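Source file: my_file.txt. Holds: compact mmCIF, C-alpha atoms and all ligand atoms.
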```txt
# COMPACT_ATOMS: atom_id res chain seq x y z
CA MET B 1 17.14 -74.82 149.96
CA PRO B 2 14.85 -73.63 152.73
CA ARG B 3 15.98 -70.48 154.44
CA ILE B 4 17.35 -71.14 157.92
CA ALA B 5 18.30 -67.71 159.29
CA PRO B 6 15.40 -65.30 159.91
CA LEU B 7 15.07 -62.38 157.51
CA SER B 8 17.09 -59.38 158.65
CA ILE B 9 15.25 -56.07 158.83
CA ALA B 10 16.80 -52.63 159.26
CA VAL B 11 14.40 -50.00 160.61
CA ILE B 12 15.56 -46.45 159.97
CA GLY B 13 14.20 -44.12 162.66
CA GLY B 14 13.56 -44.80 166.34
CA GLY B 15 10.39 -42.71 166.72
CA LEU B 16 7.00 -44.04 167.82
CA GLY B 17 6.40 -45.74 164.46
CA GLY B 18 9.86 -47.24 163.96
CA LEU B 19 10.09 -48.65 167.46
CA THR B 20 6.61 -50.17 167.35
CA ALA B 21 7.50 -51.84 164.07
CA ALA B 22 10.74 -53.10 165.62
CA VAL B 23 8.92 -54.63 168.60
CA ALA B 24 6.28 -56.26 166.38
CA LEU B 25 8.82 -57.60 163.87
CA HIS B 26 11.14 -58.84 166.62
CA GLN B 27 8.27 -60.66 168.32
CA ALA B 28 7.35 -62.18 164.95
CA GLY B 29 10.83 -63.75 164.82
CA PHE B 30 12.71 -61.41 162.47
CA ASP B 31 16.29 -60.29 163.01
CA VAL B 32 15.64 -56.57 163.59
CA HIS B 33 17.96 -53.60 164.11
CA VAL B 34 16.94 -49.94 164.51
CA TYR B 35 19.14 -47.06 163.31
CA GLU B 36 18.36 -43.66 164.83
CA GLN B 37 20.15 -40.43 164.00
CA ALA B 38 19.82 -38.88 167.46
CA PRO B 39 22.36 -39.66 170.21
CA GLU B 40 19.51 -40.89 172.40
CA LEU B 41 15.89 -41.91 172.02
CA THR B 42 13.92 -38.73 172.65
CA GLU B 43 10.55 -37.23 171.94
CA VAL B 44 9.47 -33.62 172.18
CA GLY B 45 7.69 -32.63 175.38
CA GLY B 46 4.03 -32.97 174.66
CA GLY B 47 1.13 -35.33 174.64
CA ILE B 48 -0.49 -37.91 172.42
CA ASN B 49 -4.18 -38.64 172.25
CA MET B 50 -4.32 -42.34 171.47
CA GLY B 51 -7.47 -44.09 170.32
CA PRO B 52 -8.24 -47.75 171.11
CA ASN B 53 -7.09 -48.74 167.61
CA ALA B 54 -3.48 -47.92 168.54
CA ALA B 55 -3.76 -48.83 172.23
CA ARG B 56 -4.91 -52.31 171.17
CA VAL B 57 -1.67 -52.85 169.20
CA LEU B 58 0.49 -51.84 172.16
CA TYR B 59 -1.45 -54.03 174.60
CA ARG B 60 -1.05 -57.00 172.22
CA LEU B 61 2.70 -56.34 172.16
CA GLY B 62 2.75 -56.82 175.94
CA LEU B 63 3.17 -53.15 176.86
CA GLY B 64 -0.10 -52.86 178.77
CA GLU B 65 1.29 -52.80 182.29
CA ALA B 66 3.51 -49.78 181.61
CA LEU B 67 0.75 -48.04 179.68
CA ASP B 68 -1.69 -48.56 182.54
CA ARG B 69 0.89 -47.04 184.87
CA GLU B 70 1.92 -43.97 182.84
CA ALA B 71 -1.06 -43.04 180.67
CA VAL B 72 -4.29 -41.32 181.63
CA ARG B 73 -7.73 -42.68 180.70
CA PRO B 74 -9.83 -39.65 179.75
CA LEU B 75 -13.45 -40.03 180.77
CA SER B 76 -14.86 -37.91 177.99
CA THR B 77 -14.26 -35.99 174.79
CA HIS B 78 -15.72 -32.49 174.89
CA GLN B 79 -15.79 -29.81 172.19
CA GLN B 80 -16.70 -26.28 173.16
CA ARG B 81 -17.12 -22.81 171.71
CA TRP B 82 -14.03 -20.64 171.86
CA GLN B 83 -15.39 -17.63 173.75
CA ASP B 84 -18.27 -18.78 175.98
CA GLY B 85 -17.49 -22.46 176.50
CA ARG B 86 -20.86 -23.61 175.20
CA THR B 87 -20.82 -27.37 174.60
CA LEU B 88 -20.83 -28.33 170.93
CA GLN B 89 -20.51 -32.04 171.46
CA ARG B 90 -19.56 -34.34 174.27
CA ALA B 91 -19.27 -38.11 174.61
CA PRO B 92 -17.94 -40.65 177.12
CA LEU B 93 -14.57 -42.22 176.20
CA ASN B 94 -13.66 -44.53 179.09
CA PRO B 95 -14.71 -47.11 180.03
CA ARG B 96 -16.93 -46.94 176.92
CA CYS B 97 -14.06 -47.67 174.50
CA GLU B 98 -13.11 -50.81 176.41
CA GLU B 99 -16.71 -51.98 176.53
CA LEU B 100 -17.13 -51.46 172.79
CA TYR B 101 -13.68 -52.23 171.41
CA GLY B 102 -11.73 -54.07 174.10
CA ALA B 103 -9.09 -51.35 174.45
CA PRO B 104 -9.07 -47.97 176.21
CA HIS B 105 -8.61 -44.47 174.87
CA LEU B 106 -5.41 -43.04 176.36
CA THR B 107 -3.65 -39.72 176.71
CA VAL B 108 0.06 -40.05 177.31
CA HIS B 109 3.25 -38.00 177.38
CA ARG B 110 5.21 -38.62 174.18
CA ALA B 111 8.47 -39.35 176.02
CA ASP B 112 6.71 -41.85 178.30
CA LEU B 113 5.16 -43.56 175.28
CA LEU B 114 8.49 -43.80 173.48
CA ALA B 115 10.16 -45.24 176.59
CA ILE B 116 7.34 -47.77 176.99
CA ILE B 117 7.62 -48.96 173.40
CA ALA B 118 11.43 -49.05 173.59
CA SER B 119 11.18 -51.23 176.72
CA GLY B 120 9.64 -53.93 174.52
CA PHE B 121 12.71 -54.08 172.28
CA VAL B 122 16.33 -55.14 172.78
CA ALA B 123 18.39 -52.06 173.70
CA GLU B 124 21.56 -53.43 172.03
CA ARG B 125 19.70 -53.55 168.72
CA VAL B 126 19.03 -49.80 168.74
CA HIS B 127 21.98 -48.05 167.07
CA LEU B 128 22.01 -44.41 168.11
CA GLY B 129 23.96 -41.70 166.32
CA HIS B 130 23.30 -43.43 162.99
CA ARG B 131 22.02 -40.93 160.43
CA LEU B 132 21.18 -42.66 157.19
CA VAL B 133 22.78 -40.91 154.21
CA GLY B 134 22.88 -43.55 151.45
CA LEU B 135 20.80 -46.45 150.24
CA ASP B 136 21.16 -49.08 147.54
CA GLY B 137 18.23 -51.43 147.05
CA LYS B 138 19.32 -53.21 143.90
CA GLY B 139 19.54 -56.98 144.21
CA ASP B 140 18.38 -59.20 147.05
CA ARG B 141 19.99 -57.25 149.85
CA VAL B 142 19.57 -53.59 150.77
CA ALA B 143 22.77 -51.70 151.57
CA ALA B 144 22.61 -48.62 153.81
CA SER B 145 25.32 -46.17 154.78
CA PHE B 146 25.39 -43.77 157.69
CA GLU B 147 26.97 -40.40 158.29
CA ASN B 148 29.29 -41.94 160.89
CA GLY B 149 30.86 -44.10 158.16
CA GLU B 150 29.14 -47.36 159.12
CA ARG B 151 27.59 -49.53 156.42
CA ILE B 152 25.11 -52.36 156.83
CA THR B 153 23.10 -54.74 154.66
CA ALA B 154 19.70 -56.27 155.37
CA ASP B 155 17.02 -58.31 153.58
CA ILE B 156 14.46 -55.56 154.12
CA LEU B 157 14.79 -51.89 155.01
CA VAL B 158 11.93 -49.93 156.57
CA GLY B 159 12.02 -46.13 156.39
CA ALA B 160 10.38 -44.88 159.59
CA ASP B 161 12.35 -41.65 159.46
CA GLY B 162 9.55 -39.11 159.72
CA ILE B 163 8.14 -36.39 157.50
CA ASN B 164 11.57 -35.41 156.13
CA SER B 165 12.38 -39.04 155.34
CA THR B 166 15.69 -39.69 153.60
CA VAL B 167 14.48 -43.17 152.63
CA ARG B 168 11.45 -41.70 150.93
CA ALA B 169 13.58 -39.13 149.07
CA VAL B 170 15.93 -41.84 147.75
CA LEU B 171 13.04 -44.11 146.82
CA LEU B 172 10.56 -41.67 145.32
CA GLY B 173 12.45 -38.43 144.76
CA GLU B 174 13.10 -35.28 146.76
CA GLU B 175 10.12 -33.07 147.43
CA ALA B 176 9.91 -30.55 150.24
CA PRO B 177 6.88 -30.83 152.54
CA ARG B 178 4.41 -27.95 152.29
CA PHE B 179 3.69 -25.54 155.15
CA ALA B 180 0.07 -26.14 156.12
CA GLY B 181 -0.66 -22.54 157.16
CA CYS B 182 -0.92 -23.45 160.82
CA VAL B 183 1.31 -23.19 163.87
CA ALA B 184 0.77 -24.58 167.35
CA TYR B 185 1.71 -23.17 170.73
CA ARG B 186 2.39 -26.19 172.94
CA GLY B 187 3.01 -26.44 176.64
CA LEU B 188 2.79 -28.59 179.76
CA VAL B 189 1.43 -27.30 183.06
CA PRO B 190 1.86 -28.97 186.47
CA THR B 191 -1.64 -29.98 187.52
CA GLU B 192 -1.46 -28.38 190.98
CA ARG B 193 -1.23 -24.95 189.35
CA LEU B 194 -4.67 -25.42 187.85
CA ALA B 195 -6.53 -26.05 191.12
CA GLY B 196 -9.79 -24.17 191.08
CA LEU B 197 -10.38 -24.66 187.37
CA ASP B 198 -12.11 -27.95 188.07
CA LEU B 199 -10.85 -29.46 184.82
CA GLU B 200 -12.43 -32.58 183.44
CA ILE B 201 -10.32 -35.75 183.24
CA GLY B 202 -11.03 -35.67 179.56
CA SER B 203 -9.87 -34.60 176.17
CA GLN B 204 -11.19 -31.06 175.81
CA SER B 205 -11.05 -28.88 172.72
CA TRP B 206 -12.26 -25.37 171.98
CA VAL B 207 -12.95 -24.29 168.42
CA GLY B 208 -13.07 -20.74 167.14
CA PRO B 209 -12.37 -18.51 164.16
CA GLY B 210 -8.97 -19.38 162.69
CA GLY B 211 -7.86 -21.63 165.52
CA HIS B 212 -8.55 -24.28 168.10
CA PHE B 213 -7.17 -25.21 171.49
CA VAL B 214 -6.82 -28.75 172.89
CA HIS B 215 -5.91 -29.93 176.39
CA TYR B 216 -5.73 -33.18 178.30
CA PHE B 217 -3.81 -34.74 181.19
CA VAL B 218 -0.68 -36.85 180.73
CA ALA B 219 2.07 -38.33 182.96
CA ARG B 220 -0.25 -40.13 185.41
CA GLY B 221 -2.29 -36.92 185.65
CA ARG B 222 0.64 -34.83 186.92
CA LEU B 223 0.74 -32.57 183.84
CA LEU B 224 -1.81 -30.92 181.59
CA ASN B 225 -0.77 -30.91 177.95
CA PHE B 226 -2.07 -28.06 175.80
CA VAL B 227 -1.81 -27.30 172.10
CA GLY B 228 -3.25 -24.11 170.64
CA TRP B 229 -3.46 -23.95 166.85
CA THR B 230 -3.63 -20.68 164.93
CA GLU B 231 -3.55 -19.99 161.20
CA HIS B 232 -0.76 -18.06 159.48
CA ASP B 233 0.25 -17.56 155.87
CA THR B 234 3.96 -18.08 156.19
CA TRP B 235 6.46 -19.96 158.26
CA ASN B 236 10.06 -19.09 158.73
CA ARG B 237 11.74 -20.86 161.62
CA GLU B 238 14.05 -17.91 162.37
CA ASP B 239 11.21 -15.36 162.52
CA TRP B 240 9.05 -17.60 164.62
CA THR B 241 11.48 -18.91 167.21
CA ASP B 242 11.27 -15.79 169.37
CA ARG B 243 7.48 -15.89 169.25
CA ALA B 244 7.37 -19.02 171.41
CA THR B 245 6.53 -17.14 174.57
CA ILE B 246 3.59 -17.25 176.94
CA GLU B 247 2.85 -13.62 176.02
CA ARG B 248 2.65 -14.48 172.31
CA ALA B 249 0.40 -17.44 172.99
CA LEU B 250 -1.88 -15.19 175.02
CA VAL B 251 -1.99 -12.71 172.15
CA ALA B 252 -2.85 -15.54 169.75
CA PHE B 253 -5.77 -16.54 172.00
CA ASP B 254 -6.88 -13.03 172.90
CA GLY B 255 -10.62 -12.96 173.63
CA TRP B 256 -10.86 -16.74 174.05
CA HIS B 257 -12.41 -18.36 177.13
CA PRO B 258 -10.80 -17.50 180.51
CA GLN B 259 -10.03 -21.20 181.11
CA ILE B 260 -7.78 -21.26 178.06
CA ARG B 261 -5.97 -18.13 179.15
CA ARG B 262 -5.53 -19.49 182.70
CA ILE B 263 -3.96 -22.66 181.30
CA ILE B 264 -1.52 -20.78 179.06
CA THR B 265 -0.57 -18.40 181.87
CA ALA B 266 0.16 -21.31 184.22
CA ALA B 267 2.87 -22.73 181.93
CA ASP B 268 6.53 -21.84 182.50
CA THR B 269 7.30 -21.84 178.82
CA CYS B 270 5.76 -22.81 175.53
CA PHE B 271 7.00 -24.04 172.17
CA ILE B 272 6.02 -23.37 168.59
CA TRP B 273 5.33 -26.24 166.21
CA ALA B 274 4.74 -25.58 162.54
CA LEU B 275 2.53 -27.97 160.63
CA PHE B 276 3.71 -29.47 157.35
CA ASP B 277 1.94 -31.68 154.88
CA ARG B 278 2.47 -33.91 151.85
CA GLU B 279 0.16 -35.35 149.25
CA PRO B 280 -0.76 -39.05 149.67
CA LEU B 281 1.67 -41.35 147.86
CA GLU B 282 0.83 -43.83 145.10
CA ARG B 283 3.26 -46.39 146.50
CA TRP B 284 5.34 -46.95 149.60
CA SER B 285 7.65 -49.79 148.56
CA VAL B 286 10.34 -50.32 145.95
CA GLY B 287 11.99 -53.75 145.92
CA HIS B 288 12.88 -54.71 149.47
CA ILE B 289 12.49 -51.19 150.85
CA THR B 290 9.29 -49.80 152.34
CA LEU B 291 8.08 -46.87 154.42
CA LEU B 292 5.88 -46.34 157.44
CA GLY B 293 4.44 -43.57 159.60
CA ASP B 294 5.07 -39.92 158.78
CA ALA B 295 7.67 -40.97 156.21
CA CYS B 296 4.84 -42.01 153.89
CA HIS B 297 1.63 -40.51 155.31
CA PRO B 298 2.11 -37.39 157.42
CA MET B 299 -1.26 -36.05 158.44
CA TYR B 300 -2.62 -33.04 160.28
CA PRO B 301 -3.16 -34.02 163.90
CA PHE B 302 -6.84 -33.02 163.70
CA MET B 303 -8.07 -36.61 163.96
CA GLY B 304 -5.42 -37.37 166.63
CA GLN B 305 -4.21 -40.27 164.49
CA GLY B 306 -0.70 -39.59 163.10
CA ALA B 307 1.20 -41.61 165.68
CA ALA B 308 -1.67 -44.07 165.98
CA GLN B 309 -1.43 -44.87 162.28
CA ALA B 310 2.35 -45.22 162.50
CA ILE B 311 1.80 -47.72 165.33
CA GLU B 312 -0.79 -49.59 163.27
CA ASP B 313 1.62 -49.70 160.29
CA GLY B 314 4.23 -51.57 162.33
CA ALA B 315 1.73 -54.18 163.49
CA THR B 316 0.38 -54.77 159.98
CA LEU B 317 3.84 -54.91 158.44
CA ALA B 318 4.86 -57.66 160.87
CA ALA B 319 1.62 -59.57 160.28
CA CYS B 320 2.09 -59.39 156.49
CA LEU B 321 5.76 -60.38 156.45
CA VAL B 322 5.33 -63.30 158.80
CA ALA B 323 3.51 -65.21 156.03
CA GLY B 324 6.92 -65.76 154.41
CA ASP B 325 6.83 -64.36 150.87
CA LEU B 326 8.65 -61.06 151.10
CA ALA B 327 7.37 -59.39 147.91
CA ALA B 328 3.79 -60.51 148.52
CA GLY B 329 4.04 -59.41 152.15
CA LEU B 330 5.13 -55.87 151.24
CA ARG B 331 2.40 -55.67 148.60
CA ARG B 332 -0.24 -56.78 151.07
CA TYR B 333 1.04 -54.31 153.67
CA GLU B 334 0.49 -51.42 151.27
CA GLU B 335 -2.89 -52.71 150.11
CA LEU B 336 -4.12 -52.88 153.69
CA ARG B 337 -2.66 -49.63 154.92
CA ARG B 338 -2.94 -47.06 152.13
CA PRO B 339 -6.74 -46.68 151.89
CA ARG B 340 -7.10 -46.30 155.64
CA VAL B 341 -4.40 -43.69 156.12
CA THR B 342 -5.45 -41.78 152.99
CA ARG B 343 -8.96 -41.52 154.42
CA LEU B 344 -7.54 -40.17 157.66
CA GLN B 345 -5.28 -37.71 155.84
CA GLU B 346 -8.36 -36.37 154.05
CA MET B 347 -10.48 -36.24 157.20
CA SER B 348 -7.72 -34.44 159.08
CA ARG B 349 -7.49 -31.84 156.32
CA ALA B 350 -11.25 -31.33 156.36
CA ASN B 351 -11.16 -30.82 160.12
CA LYS B 352 -8.67 -27.99 159.74
CA ILE B 353 -11.31 -26.09 157.81
CA ARG B 354 -14.26 -27.17 159.96
CA PHE B 355 -12.58 -26.42 163.29
CA HIS B 356 -11.44 -22.96 162.19
CA LEU B 357 -14.61 -21.60 160.56
CA PRO B 358 -15.23 -17.91 161.16
CA ASP B 359 -18.33 -17.22 163.20
CA GLY B 360 -21.29 -17.02 160.83
CA PRO B 361 -23.72 -19.24 158.92
CA ALA B 362 -21.25 -22.05 158.09
CA GLN B 363 -20.14 -22.24 161.73
CA GLU B 364 -23.77 -22.28 162.88
CA ALA B 365 -24.54 -25.13 160.48
CA ARG B 366 -21.50 -27.04 161.74
CA ASP B 367 -22.52 -26.53 165.37
CA ALA B 368 -26.07 -27.67 164.63
CA GLU B 369 -24.72 -30.77 162.89
CA TRP B 370 -22.45 -31.61 165.84
CA ALA B 371 -25.37 -31.12 168.25
CA ARG B 372 -27.55 -33.40 166.11
CA ALA B 373 -25.00 -36.13 165.43
CA GLY B 374 -21.66 -35.73 167.21
CA ASP B 375 -18.76 -37.14 165.24
CA ARG B 376 -16.27 -37.68 168.09
CA SER B 377 -17.98 -40.39 170.13
CA PRO B 378 -16.60 -43.95 170.21
CA GLU B 379 -19.77 -45.06 168.44
CA ALA B 380 -19.37 -42.51 165.63
CA LEU B 381 -15.75 -43.59 165.17
CA ARG B 382 -16.45 -47.32 165.12
CA TRP B 383 -14.71 -47.81 161.73
CA LEU B 384 -11.59 -46.21 163.17
CA PHE B 385 -11.51 -47.60 166.69
CA GLU B 386 -12.54 -51.23 166.19
CA PHE B 387 -9.97 -51.83 163.44
CA ASP B 388 -7.43 -54.50 164.36
CA ALA B 389 -4.12 -53.77 162.63
CA THR B 390 -2.60 -57.06 163.78
CA VAL B 391 -4.97 -59.08 161.59
CA VAL B 392 -4.45 -59.75 157.88
CA PRO B 393 -7.90 -60.40 156.39
CA GLY B 394 -8.27 -63.65 154.48
CA ARG B 395 -5.61 -65.44 156.45
C1 LIG C 1 1.36 -30.76 167.54
C2 LIG C 1 1.12 -32.19 167.13
C3 LIG C 1 0.26 -32.96 167.88
C4 LIG C 1 0.05 -34.30 167.53
N1 LIG C 1 -0.84 -35.03 168.26
C5 LIG C 1 -1.07 -36.31 167.93
C6 LIG C 1 -2.01 -37.08 168.66
O1 LIG C 1 -2.65 -36.60 169.60
N2 LIG C 1 -2.19 -38.39 168.31
C7 LIG C 1 -1.48 -38.98 167.29
O2 LIG C 1 -1.69 -40.17 167.02
N3 LIG C 1 -0.60 -38.26 166.55
C8 LIG C 1 -0.37 -36.95 166.85
N4 LIG C 1 0.51 -36.23 166.11
C9 LIG C 1 1.23 -36.87 165.00
C10 LIG C 1 2.43 -37.67 165.48
O3 LIG C 1 3.26 -36.90 166.30
C11 LIG C 1 3.26 -38.21 164.31
O4 LIG C 1 2.41 -38.72 163.31
C12 LIG C 1 4.20 -39.33 164.78
O5 LIG C 1 5.13 -38.84 165.73
C13 LIG C 1 4.96 -39.96 163.60
O6 LIG C 1 5.82 -40.97 164.07
P1 LIG C 1 6.98 -41.54 163.15
O7 LIG C 1 7.67 -42.56 163.99
O8 LIG C 1 6.43 -41.93 161.83
O9 LIG C 1 7.94 -40.29 162.86
P2 LIG C 1 8.81 -39.42 163.85
O10 LIG C 1 8.18 -39.33 165.20
O11 LIG C 1 9.10 -38.15 163.15
O12 LIG C 1 10.15 -40.25 164.04
C14 LIG C 1 11.13 -40.32 163.03
C15 LIG C 1 12.45 -40.73 163.66
O13 LIG C 1 13.40 -40.92 162.60
C16 LIG C 1 14.62 -40.30 162.95
N5 LIG C 1 15.31 -39.97 161.70
C17 LIG C 1 14.96 -39.01 160.80
N6 LIG C 1 15.83 -39.01 159.76
C18 LIG C 1 16.73 -40.00 159.99
C19 LIG C 1 17.87 -40.50 159.28
N7 LIG C 1 18.26 -39.98 158.10
N8 LIG C 1 18.56 -41.54 159.82
C20 LIG C 1 18.19 -42.09 161.02
N9 LIG C 1 17.14 -41.64 161.74
C21 LIG C 1 16.40 -40.62 161.23
C22 LIG C 1 14.20 -39.08 163.77
O14 LIG C 1 15.25 -38.60 164.59
C23 LIG C 1 13.04 -39.65 164.58
O15 LIG C 1 13.46 -40.25 165.78
C24 LIG C 1 0.74 -34.89 166.44
C25 LIG C 1 1.62 -34.10 165.69
C26 LIG C 1 1.79 -32.76 166.01
C27 LIG C 1 2.71 -31.93 165.16
```

Would you mind writing the structure in this file as structure tokens?
Amino acid sequence: MPRIAPLSIAVIGGGLGGLTAAVALHQAGFDVHVYEQAPELTEVGGGINMGPNAARVLYRLGLGEALDREAVRPLSTHQQRWQDGRTLQRAPLNPRCEELYGAPHLTVHRADLLAIIASGFVAERVHLGHRLVGLDGKGDRVAASFENGERITADILVGADGINSTVRAVLLGEEAPRFAGCVAYRGLVPTERLAGLDLEIGSQSWVGPGGHFVHYFVARGRLLNFVGWTEHDTWNREDWTDRATIERALVAFDGWHPQIRRIITAADTCFIWALFDREPLERWSVGHITLLGDACHPMYPFMGQGAAQAIEDGATLAACLVAGDLAAGLRRYEELRRPRVTRLQEMSRANKIRFHLPDGPAQEARDAEWARAGDRSPEALRWLFEFDATVVPGR
């Protein structure tokens, strides 16, 4: 008998990846529900650098108008030396990305981005306060249970529940993520406080020994987002919480360029974010359960692609499942996604070393290489930016 009702899909996690998947799957005609542990849809205060590969997906999902309103289109990407501001590489981003790849490069506040993606989904299908605690994937239906006592079943379950994914732990075994030896001081500064600095409308980063500092505008240009990374051997949340102060951030970037110190000083407060990592996985799916985003491929943010890849995952998953055969669709999803995200995980790891080289011969060789052939321009990142995650090759 042909199936009449659409396949039901439960997405666990209402972050950037889970909600994008929900919008894409819903638009593809599936019966989708999202289960999020938090009492409301929230994102940490901070920014996202979003390449045209992810922007393209969101425009295709019909979210372009809101993105055009809330996001900023950086004109350039600019890497500089930590202490004297010497340019290491610089390239135009907009409108170049649109000319080359048909989608812009955006910088956007995380909360704005989450709200924009959520606006493309049906609010009644987002179940807040639902923390997944149990999962049974034997048989044709997946059963899930939540801390609040609710139980559901679905044809497919998608674990989009982040780096500490419960779905992943049930599917592939418990394994704690590893501290990556890096913490970030993050903050947002009202733009009017930075008058006189003459900041570029661009994505600017400064690289130096054992750290790097990134800043760009978000929230229609009203706020400057900054993230300053420094290396440390150990992480202990309790010890570190009280270090999230402007004074500490200034100590961490002592001796760095005055522009960096002006930006940090202009913030009211700053936050600490520790970086964690996992090894790439051999598989993402078991039976009718699969994973996406940080749940299966957390990556250092040093290619600016973690959320972008989570967004791509959702689009590809929908495109693969729409063909009809569930098992083949999940297989194809993994085949298409795993090589690409593994490459980015590796490149992001390599950038942690390259960005943080101590001053000396290796740093000089890196700087010479960047001057000769910059690796941040839209042209250099063609393989990354022109990729269309909504297309399943061969179909
Ligand atoms: C400092 C920093 C800067 C970054 N900058 C960039 C950038 O510029 N560009 C970029 O593309 N990426 C960036 N990233 C990476 C990006 O933030 C992540 O890759 C992205 O947020 C992952 O999205 P996700 O939806 O997979 O997971 P998450 O955003 O972690 O969402 C998971 C969701 O699942 C929910 N959840 C968890 N457990 C359960 C459960 N048991 N039951 C129900 N719900 C659950 C959580 O509450 C959460 O809402 C950055 C990361 C960091 C740390």

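Between ligand LIG 1 (chain C) and the residues B:Glu150, B:Asp161, B:Asp268, B:Glu369, the shortest atom-to-atom distance, using all atoms listed in the file, involves B:Asp161.
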
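CA of Trp256 in chain B to CA of Met299 in chain B spans 26.6 Å [interatomic distance, one decimal].
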
Environment of ligand LIG 1 (chain C) within 8 Å, counting all atoms listed in the file, reported as a JSON list (two decimals) with C-alpha atoms, in the frame of the given file:
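Once everything was written out, this is part-v9.json:
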```json
[["chain", "number", "residue", "atom", "x", "y", "z"],
["B", 12, "ILE", "CA", 15.56, -46.45, 159.97],
["B", 13, "GLY", "CA", 14.20, -44.12, 162.66],
["B", 14, "GLY", "CA", 13.56, -44.80, 166.34],
["B", 15, "GLY", "CA", 10.39, -42.71, 166.72],
["B", 16, "LEU", "CA", 7.00, -44.04, 167.82],
["B", 17, "GLY", "CA", 6.40, -45.74, 164.46],
["B", 18, "GLY", "CA", 9.86, -47.24, 163.96],
["B", 19, "LEU", "CA", 10.09, -48.65, 167.46],
["B", 35, "TYR", "CA", 19.14, -47.06, 163.31],
["B", 36, "GLU", "CA", 18.36, -43.66, 164.83],
["B", 37, "GLN", "CA", 20.15, -40.43, 164.00],
["B", 38, "ALA", "CA", 19.82, -38.88, 167.46],
["B", 41, "LEU", "CA", 15.89, -41.91, 172.02],
["B", 42, "THR", "CA", 13.92, -38.73, 172.65],
["B", 43, "GLU", "CA", 10.55, -37.23, 171.94],
["B", 46, "GLY", "CA", 4.03, -32.97, 174.66],
["B", 47, "GLY", "CA", 1.13, -35.33, 174.64],
["B", 48, "ILE", "CA", -0.49, -37.91, 172.42],
["B", 49, "ASN", "CA", -4.18, -38.64, 172.25],
["B", 50, "MET", "CA", -4.32, -42.34, 171.47],
["B", 51, "GLY", "CA", -7.47, -44.09, 170.32],
["B", 107, "THR", "CA", -3.65, -39.72, 176.71],
["B", 129, "GLY", "CA", 23.96, -41.70, 166.32],
["B", 130, "HIS", "CA", 23.30, -43.43, 162.99],
["B", 131, "ARG", "CA", 22.02, -40.93, 160.43],
["B", 132, "LEU", "CA", 21.18, -42.66, 157.19],
["B", 133, "VAL", "CA", 22.78, -40.91, 154.21],
["B", 146, "PHE", "CA", 25.39, -43.77, 157.69],
["B", 160, "ALA", "CA", 10.38, -44.88, 159.59],
["B", 161, "ASP", "CA", 12.35, -41.65, 159.46],
["B", 162, "GLY", "CA", 9.55, -39.11, 159.72],
["B", 163, "ILE", "CA", 8.14, -36.39, 157.50],
["B", 164, "ASN", "CA", 11.57, -35.41, 156.13],
["B", 165, "SER", "CA", 12.38, -39.04, 155.34],
["B", 166, "THR", "CA", 15.69, -39.69, 153.60],
["B", 167, "VAL", "CA", 14.48, -43.17, 152.63],
["B", 184, "ALA", "CA", 0.77, -24.58, 167.35],
["B", 186, "ARG", "CA", 2.39, -26.19, 172.94],
["B", 227, "VAL", "CA", -1.81, -27.30, 172.10],
["B", 273, "TRP", "CA", 5.33, -26.24, 166.21],
["B", 274, "ALA", "CA", 4.74, -25.58, 162.54],
["B", 275, "LEU", "CA", 2.53, -27.97, 160.63],
["B", 292, "LEU", "CA", 5.88, -46.34, 157.44],
["B", 293, "GLY", "CA", 4.44, -43.57, 159.60],
["B", 294, "ASP", "CA", 5.07, -39.92, 158.78],
["B", 295, "ALA", "CA", 7.67, -40.97, 156.21],
["B", 298, "PRO", "CA", 2.11, -37.39, 157.42],
["B", 299, "MET", "CA", -1.26, -36.05, 158.44],
["B", 300, "TYR", "CA", -2.62, -33.04, 160.28],
["B", 301, "PRO", "CA", -3.16, -34.02, 163.90],
["B", 302, "PHE", "CA", -6.84, -33.02, 163.70],
["B", 303, "MET", "CA", -8.07, -36.61, 163.96],
["B", 304, "GLY", "CA", -5.42, -37.37, 166.63],
["B", 305, "GLN", "CA", -4.21, -40.27, 164.49],
["B", 306, "GLY", "CA", -0.70, -39.59, 163.10],
["B", 307, "ALA", "CA", 1.20, -41.61, 165.68],
["B", 308, "ALA", "CA", -1.67, -44.07, 165.98],
["B", 309, "GLN", "CA", -1.43, -44.87, 162.28],
["B", 310, "ALA", "CA", 2.35, -45.22, 162.50],
["B", 311, "ILE", "CA", 1.80, -47.72, 165.33]]
```

Residues near Asp140 in chain B, cut-off 12 Å, all atoms listed in the file, skip fewer than 4 positions along chain, as a short mmCIF file (atom, residue, chain, number, x, y, z; two decimals) with C-alpha atoms, in the coordinates of the input:
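Saved file around07.cif follows:
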```
data_model
loop_
_atom_site.label_atom_id
_atom_site.label_comp_id
_atom_site.auth_asym_id
_atom_site.auth_seq_id
_atom_site.Cartn_x
_atom_site.Cartn_y
_atom_site.Cartn_z
CA LEU B 7 15.07 -62.38 157.51
CA SER B 8 17.09 -59.38 158.65
CA ASP B 136 21.16 -49.08 147.54
CA THR B 153 23.10 -54.74 154.66
CA ALA B 154 19.70 -56.27 155.37
CA ASP B 155 17.02 -58.31 153.58
CA ILE B 156 14.46 -55.56 154.12
CA LEU B 157 14.79 -51.89 155.01
CA GLY B 287 11.99 -53.75 145.92
CA HIS B 288 12.88 -54.71 149.47
CA ILE B 289 12.49 -51.19 150.85
CA LEU B 326 8.65 -61.06 151.10
CA ALA B 327 7.37 -59.39 147.91
#
```

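Of the listed residues B:Ile353, B:Val183, B:Ile260, B:Thr342, the one whose atoms come nearest to Trp235 in chain B is B:Val183, with distances taken using all atoms listed in the file.
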